[in-house]
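The structure file run05.txt is reproduced below (compact mmCIF, C-alpha atoms).
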```
# COMPACT_ATOMS: atom_id res chain seq x y z
CA VAL A 1 62.94 76.75 74.86
CA HIS A 2 60.47 77.27 72.05
CA GLU A 3 59.76 74.35 69.69
CA PRO A 4 63.29 73.08 69.08
CA CYS A 5 61.92 70.22 66.97
CA ASP A 6 60.51 72.67 64.43
CA LYS A 7 63.96 72.54 62.84
CA TYR A 8 63.69 68.75 62.53
CA ALA A 9 60.05 68.62 61.42
CA HIS A 10 60.17 71.39 58.80
CA LYS A 11 63.77 72.33 58.03
CA GLY A 12 65.61 69.05 57.62
CA PHE A 13 67.79 69.23 60.74
CA SER A 14 68.71 65.85 62.21
CA LYS A 15 67.31 64.60 65.50
CA LEU A 16 70.86 64.37 66.78
CA SER A 17 71.39 68.08 66.16
CA ILE A 18 68.32 68.89 68.26
CA VAL A 19 69.48 66.76 71.17
CA THR A 20 73.00 68.14 70.94
CA SER A 21 71.76 71.72 70.84
CA ILE A 22 69.50 71.60 73.88
CA GLY A 23 69.84 68.27 75.65
CA ASP A 24 73.06 68.28 77.61
CA LYS A 25 73.74 72.00 77.40
CA LEU A 26 70.41 73.19 78.74
CA ILE A 27 68.67 70.41 80.60
CA GLY A 28 71.77 69.03 82.24
CA SER A 29 72.86 72.29 83.82
CA LYS A 30 69.68 73.93 85.15
CA PRO A 31 65.90 73.56 85.11
CA ALA A 32 64.33 74.40 81.76
CA LEU A 33 60.91 74.44 80.19
CA ILE A 34 60.68 73.06 76.66
CA LYS A 35 57.51 73.90 74.75
CA GLU A 36 56.96 71.58 71.80
CA MET A 37 54.24 70.46 69.41
CA THR A 38 53.34 66.80 69.81
CA PHE A 39 53.60 65.99 66.09
CA GLN A 40 57.01 67.67 65.81
CA VAL A 41 58.72 65.77 68.60
CA GLY A 42 56.96 62.57 67.53
CA THR A 43 56.80 59.35 69.52
CA GLY A 44 60.24 57.85 69.00
CA ALA A 45 63.65 58.15 70.64
CA LEU A 46 63.65 61.95 70.74
CA PHE A 47 60.37 62.11 72.67
CA LYS A 48 61.51 59.37 75.03
CA LYS A 49 64.77 61.21 75.69
CA PHE A 50 62.90 64.40 76.58
CA VAL A 51 60.41 62.60 78.82
CA ALA A 52 63.15 60.68 80.63
CA ARG A 53 64.64 64.00 81.74
CA CYS A 54 61.38 65.69 82.69
CA LYS A 55 60.26 66.30 86.22
CA LYS A 56 56.78 65.68 84.86
CA PRO A 57 55.73 66.08 81.22
CA ILE A 58 52.84 68.51 80.85
CA PHE A 59 50.33 67.90 78.07
CA LEU A 60 48.49 71.15 77.28
CA ILE A 61 45.29 70.27 75.46
CA ARG A 62 42.29 72.00 73.96
CA ASP A 63 39.06 70.80 72.36
CA PRO A 64 40.11 69.43 68.92
CA ARG A 65 37.56 71.62 67.16
CA LEU A 66 39.07 74.74 68.69
CA CYS A 67 42.73 73.94 68.06
CA ILE A 68 42.16 72.64 64.52
CA GLU A 69 40.00 75.64 63.59
CA SER A 70 42.66 77.96 65.01
CA ARG A 71 45.39 76.34 62.91
CA ILE A 72 43.24 76.42 59.79
CA ARG A 73 42.64 80.14 60.31
CA MET A 74 46.34 80.86 60.79
CA ILE A 75 47.25 78.91 57.64
CA LEU A 76 44.65 80.82 55.63
CA GLU A 77 45.85 84.16 57.01
CA GLY A 78 49.37 83.16 56.00
CA LEU A 79 48.18 82.45 52.45
CA ILE A 80 46.34 85.76 52.29
CA SER A 81 49.51 87.65 53.20
CA SER A 82 51.73 85.52 50.94
CA LYS A 83 52.95 86.92 47.62
CA GLU A 84 53.47 83.38 46.33
CA PHE A 85 49.83 82.30 46.74
CA ASP A 86 47.88 83.18 43.59
CA GLY A 87 44.51 81.70 44.59
CA ASP A 88 41.30 83.53 45.53
CA LYS A 89 42.30 85.48 48.64
CA THR A 90 38.90 87.18 48.90
CA MET A 91 37.29 83.75 49.23
CA LEU A 92 39.73 82.84 52.01
CA GLN A 93 38.99 86.08 53.85
CA GLU A 94 35.28 85.32 53.68
CA ALA A 95 35.83 81.76 54.93
CA ILE A 96 37.65 83.17 57.97
CA ARG A 97 34.98 85.82 58.56
CA ILE A 98 32.06 83.36 58.60
CA LYS A 99 34.12 80.44 59.95
CA GLU A 100 33.11 78.14 57.10
CA TYR A 101 35.94 75.85 55.96
CA SER A 102 33.98 72.96 54.47
CA GLY A 103 34.94 73.70 50.88
CA LEU A 104 38.66 74.14 51.41
CA ASP A 105 39.87 70.52 51.28
CA GLU A 106 42.01 71.05 48.19
CA ILE A 107 43.70 74.16 49.58
CA LEU A 108 44.30 72.76 53.05
CA ALA A 109 45.05 69.05 52.55
CA SER A 110 48.70 69.54 51.59
CA ARG A 111 49.26 72.47 53.93
CA PHE A 112 47.58 70.94 56.97
CA PRO A 113 47.90 67.13 56.90
CA ILE A 114 45.96 65.31 59.60
CA ARG A 115 49.08 64.31 61.51
CA HIS A 116 49.80 68.01 62.10
CA THR A 117 46.81 68.24 64.42
CA GLY A 118 49.06 66.46 66.91
CA TRP A 119 46.25 64.36 68.35
CA GLY A 120 47.52 61.04 67.03
CA ALA A 121 50.98 61.70 68.44
CA LEU A 122 49.48 62.89 71.73
CA GLU A 123 47.54 59.66 72.13
CA GLU A 124 50.70 57.60 71.57
CA GLN A 125 52.79 59.81 73.89
CA ILE A 126 50.33 59.51 76.75
CA GLN A 127 50.07 55.76 76.24
CA TYR A 128 53.86 55.55 76.42
CA CYS A 129 53.81 57.43 79.73
CA VAL A 130 51.11 55.09 81.07
CA ASP A 131 52.97 51.95 79.93
CA SER A 132 56.28 53.27 81.32
CA LYS A 133 54.68 54.39 84.60
CA ILE A 134 55.78 57.99 83.98
CA LYS A 135 53.69 60.50 85.90
CA TYR A 136 52.38 63.28 83.71
CA ILE A 137 50.12 66.33 83.94
CA VAL A 138 47.20 67.25 81.70
CA VAL A 139 46.17 70.93 81.48
CA ASP A 140 43.09 71.98 79.55
CA SER A 141 43.85 75.42 78.14
CA THR A 142 40.17 76.45 78.12
CA ARG A 143 39.81 75.62 81.79
CA LEU A 144 43.12 77.32 82.56
CA ARG A 145 41.89 80.49 80.89
CA ALA A 146 38.45 80.31 82.52
CA GLU A 147 39.87 79.82 86.03
CA PRO A 148 43.53 80.85 85.78
CA GLU A 149 44.32 81.08 89.48
CA LEU A 150 42.69 77.78 90.40
CA ALA A 151 44.30 75.95 87.47
CA THR A 152 47.71 77.50 88.06
CA ARG A 153 47.61 76.67 91.77
CA ARG A 154 46.87 73.05 90.94
CA LEU A 155 49.67 72.96 88.37
CA CYS A 156 52.13 74.40 90.91
CA LEU A 157 51.01 71.81 93.45
CA ASP A 158 51.56 69.00 90.93
CA LEU A 159 55.04 70.33 90.12
CA GLY A 160 56.05 71.10 93.70
CA LEU A 161 56.32 74.83 93.00
CA ASP A 162 55.15 77.82 95.03
CA PHE A 163 52.28 79.75 93.47
CA GLU A 164 52.97 83.44 92.84
CA GLU A 165 50.42 86.07 91.86
CA ASP A 166 52.60 87.38 89.03
CA MET A 167 52.16 84.06 87.23
CA LEU A 168 48.77 85.42 86.13
CA SER A 169 49.93 88.72 84.61
CA TRP A 170 53.02 90.14 82.93
CA ASP A 171 54.31 93.07 80.90
CA GLY A 172 53.05 93.23 77.31
CA GLY A 173 55.10 93.55 74.16
CA ARG A 174 57.17 90.42 74.56
CA ASP A 175 59.84 89.75 71.96
CA THR A 176 58.90 86.61 70.00
CA SER A 177 62.39 86.36 68.54
CA LYS A 178 63.67 85.01 71.87
CA GLY A 179 63.94 81.31 72.53
CA PHE A 180 65.58 78.58 70.52
CA GLY A 181 66.58 80.24 67.28
CA ASP A 182 64.80 83.03 65.46
CA LEU A 183 61.02 83.09 65.80
CA SER A 184 60.56 86.10 63.56
CA GLU A 185 59.19 83.88 60.79
CA GLN A 186 56.52 82.68 63.22
CA SER A 187 55.53 86.14 64.44
CA LEU A 188 52.09 85.86 62.80
CA TRP A 189 51.34 82.88 65.02
CA TYR A 190 52.30 84.64 68.27
CA GLU A 191 51.15 88.25 67.87
CA ARG A 192 48.30 87.82 70.35
CA VAL A 193 50.34 86.16 73.09
CA ALA A 194 53.23 88.59 72.59
CA SER A 195 50.97 91.59 73.17
CA SER A 196 49.02 90.04 76.06
CA THR A 197 49.37 91.12 79.69
CA ARG A 198 47.38 88.42 81.47
CA VAL A 199 45.60 85.11 81.02
CA GLU A 200 42.60 85.94 78.85
CA ARG A 201 39.20 84.35 79.36
CA PRO A 202 38.07 81.99 76.56
CA THR A 203 35.64 83.55 74.10
CA GLU A 204 35.94 81.13 71.17
CA LYS A 205 32.86 79.23 70.03
CA ILE A 206 33.08 75.58 69.02
CA LEU A 207 32.18 75.00 65.38
CA ASP A 208 29.91 72.28 64.10
CA ILE A 209 31.97 69.49 62.52
CA LYS A 210 30.24 70.09 59.17
CA ARG A 211 32.03 73.45 58.93
CA PHE A 212 35.42 71.70 58.73
CA PRO A 213 37.00 70.26 55.57
CA GLU A 214 35.59 66.79 54.95
CA TYR A 215 38.97 65.06 55.35
CA PHE A 216 39.13 66.22 58.99
CA ARG A 217 35.71 65.16 60.21
CA THR A 218 36.28 61.52 61.22
CA HIS A 219 39.55 62.52 62.88
CA ILE A 220 37.83 65.28 64.86
CA GLU A 221 35.04 62.98 66.03
CA LYS A 222 37.55 60.42 67.25
CA TYR A 223 39.62 62.88 69.23
CA ILE A 224 36.69 64.75 70.77
CA SER A 225 36.07 61.48 72.60
CA PHE A 226 39.77 61.15 73.54
CA TYR A 227 39.88 64.77 74.71
CA ASN A 228 36.85 64.26 76.96
CA LYS A 229 38.40 61.12 78.45
CA LEU A 230 41.59 63.01 79.28
CA ILE A 231 39.65 65.85 80.92
CA LEU A 232 37.58 63.41 82.97
CA ALA A 233 40.58 61.32 84.05
CA TYR A 234 42.67 64.29 85.14
CA SER A 235 39.74 65.95 86.93
CA GLU A 236 39.32 63.01 89.29
```
For this file, produce the structure as structure tokens.
Amino acid sequence: VHEPCDKYAHKGFSKLSIVTSIGDKLIGSKPALIKEMTFQVGTGALFKKFVARCKKPIFLIRDPRLCIESRIRMILEGLISSKEFDGDKTMLQEAIRIKEYSGLDEILASRFPIRHTGWGALEEQIQYCVDSKIKYIVVDSTRLRAEPELATRRLCLDLGLDFEEDMLSWDGGRDTSKGFGDLSEQSLWYERVASSTRVERPTEKILDIKRFPEYFRTHIEKYISFYNKLILAYSE
């Protein structure tokens, strides 16, 4: 089930409609995997309802500089392709090419508020699991991609599942319209994964914090530390 809370976070659907749509119908009848963004599900009753029904919640994380830069790039690419945006698209293309986003505070602040990084919500969600003695799993996506078989075997062990070789490769050309609702409007965000055939090794380079918009920098510094603590704790 792909991001059911997108409808609540961005389209005005009620939390009750989300729970009604997927809660009892899907989770109650058979095992299901729900993929959700931390900031969309939040930290309130909806998150707690999901976690209460989980075998083990899995928190998929990535260095904050990588995931924030990726989202910035996708937002800018969306603006470049948008007919409604009448700003300097050539400037945005150059910012993406040289990976220099430090002068884009005005363009990005309203389109990418800090809470949409998801790190604040993630910190609260993990603390809730700790306080409630809920066992959870942390997966670092960079490590998963660098050592897919080792990471997947450990994940299967943590979940009580049998590892299978075909977990590491699949047929390309997947239809991103499948899942909860129509994902066609999000196709730009999932072109790479839809056309992939295997877990791809990480090639991204981490940017210096000074290359990010100024309003992000303190936030990034804080959650680099949190990210490293999570990696260390789950590696023990």
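The space between atom CA of Leu60 of chain A and atom CA of Leu33 of chain A spans 13.2 Å.
Near (31.8, 82.4, 63.4), the residues that fall inside 12 Å on the basis of all atoms listed in the file are Leu66, Glu69, Ser70, Arg73, Glu94, Ala95, Ile96, Arg97, Ile98, Lys99, Glu100, Tyr101, Thr203, Glu204, Lys205, Ile206, Leu207, Asp208 and Arg211 of chain A.
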**OP:** Work out how far apart atom CA of Leu104 of chain A and atom CA of Cys67 of chain A are and give it in Å to one decimal.
**Re:** 17.1 Å
**OP:** Kindly indicate which residue among A:Glu3, A:Ser169, A:Asp162, A:Glu214 lies nearest to Ser195 of chain A, using only C-alpha atoms for the distances.
**Re:**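 Among the listed residues, A:Ser169 lies closest to Ser195 of chain A.
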Subject >> Distance criterion (only C-alpha atoms): nearest to Met37 of chain A out of A:Ile61, A:Ala151, A:Leu230, A:Ile209 >> reply: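 For Met37 of chain A, the nearest of the given residues is A:Ile61.
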Subject >> d(atom CA of Glu36 of chain A, atom CA of His2 of chain A) in Å >> reply: 6.7 Å
Subject >> Nearest to Glu221 of chain A, chosen from A:Gln40, A:Arg201, A:Pro64, A:Lys89, with all atoms listed in the file counted in the distances >> reply: A:Pro64
Original post:
Using all atoms listed in the file, which of A:Val130, A:Val139, A:Leu150, A:Ile72 sits nearest Ile107 of chain A?
Top reply: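 Checking each candidate against Ile107 of chain A, we get A:Ile72 as the closest.
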**OP:** Go through A:Ile68, A:Val1, A:Leu122, A:Ile231 and flag the residue nearest Asp140 of chain A, using all atoms listed in the file for the distances.
**Re:** A:Ile231
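Nearest-residue note for Ser225 of chain A: choosing from A:Phe47, A:Glu200, A:Trp119, A:Leu108, the minimum distance belongs to A:Trp119, counting only C-alpha atoms.
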Every residue with an atom at most 9 Å from (42.1, 83.0, 52.8) (file coordinates; all atoms listed in the file) is what I'm after, so could you write them as a PDB file with C-alpha atoms, keeping the file's coordinate frame?
```
ATOM      1  CA  ARG A  73      42.640  80.140  60.310  1.00  0.00           C
ATOM      2  CA  ILE A  75      47.250  78.910  57.640  1.00  0.00           C
ATOM      3  CA  LEU A  76      44.650  80.820  55.630  1.00  0.00           C
ATOM      4  CA  GLU A  77      45.850  84.160  57.010  1.00  0.00           C
ATOM      5  CA  GLY A  78      49.370  83.160  56.000  1.00  0.00           C
ATOM      6  CA  LEU A  79      48.180  82.450  52.450  1.00  0.00           C
ATOM      7  CA  ILE A  80      46.340  85.760  52.290  1.00  0.00           C
ATOM      8  CA  SER A  81      49.510  87.650  53.200  1.00  0.00           C
ATOM      9  CA  GLY A  87      44.510  81.700  44.590  1.00  0.00           C
ATOM     10  CA  ASP A  88      41.300  83.530  45.530  1.00  0.00           C
ATOM     11  CA  LYS A  89      42.300  85.480  48.640  1.00  0.00           C
ATOM     12  CA  THR A  90      38.900  87.180  48.900  1.00  0.00           C
ATOM     13  CA  MET A  91      37.290  83.750  49.230  1.00  0.00           C
ATOM     14  CA  LEU A  92      39.730  82.840  52.010  1.00  0.00           C
ATOM     15  CA  GLN A  93      38.990  86.080  53.850  1.00  0.00           C
ATOM     16  CA  GLU A  94      35.280  85.320  53.680  1.00  0.00           C
ATOM     17  CA  ALA A  95      35.830  81.760  54.930  1.00  0.00           C
ATOM     18  CA  ILE A  96      37.650  83.170  57.970  1.00  0.00           C
TER      19      ILE A  96
END
```
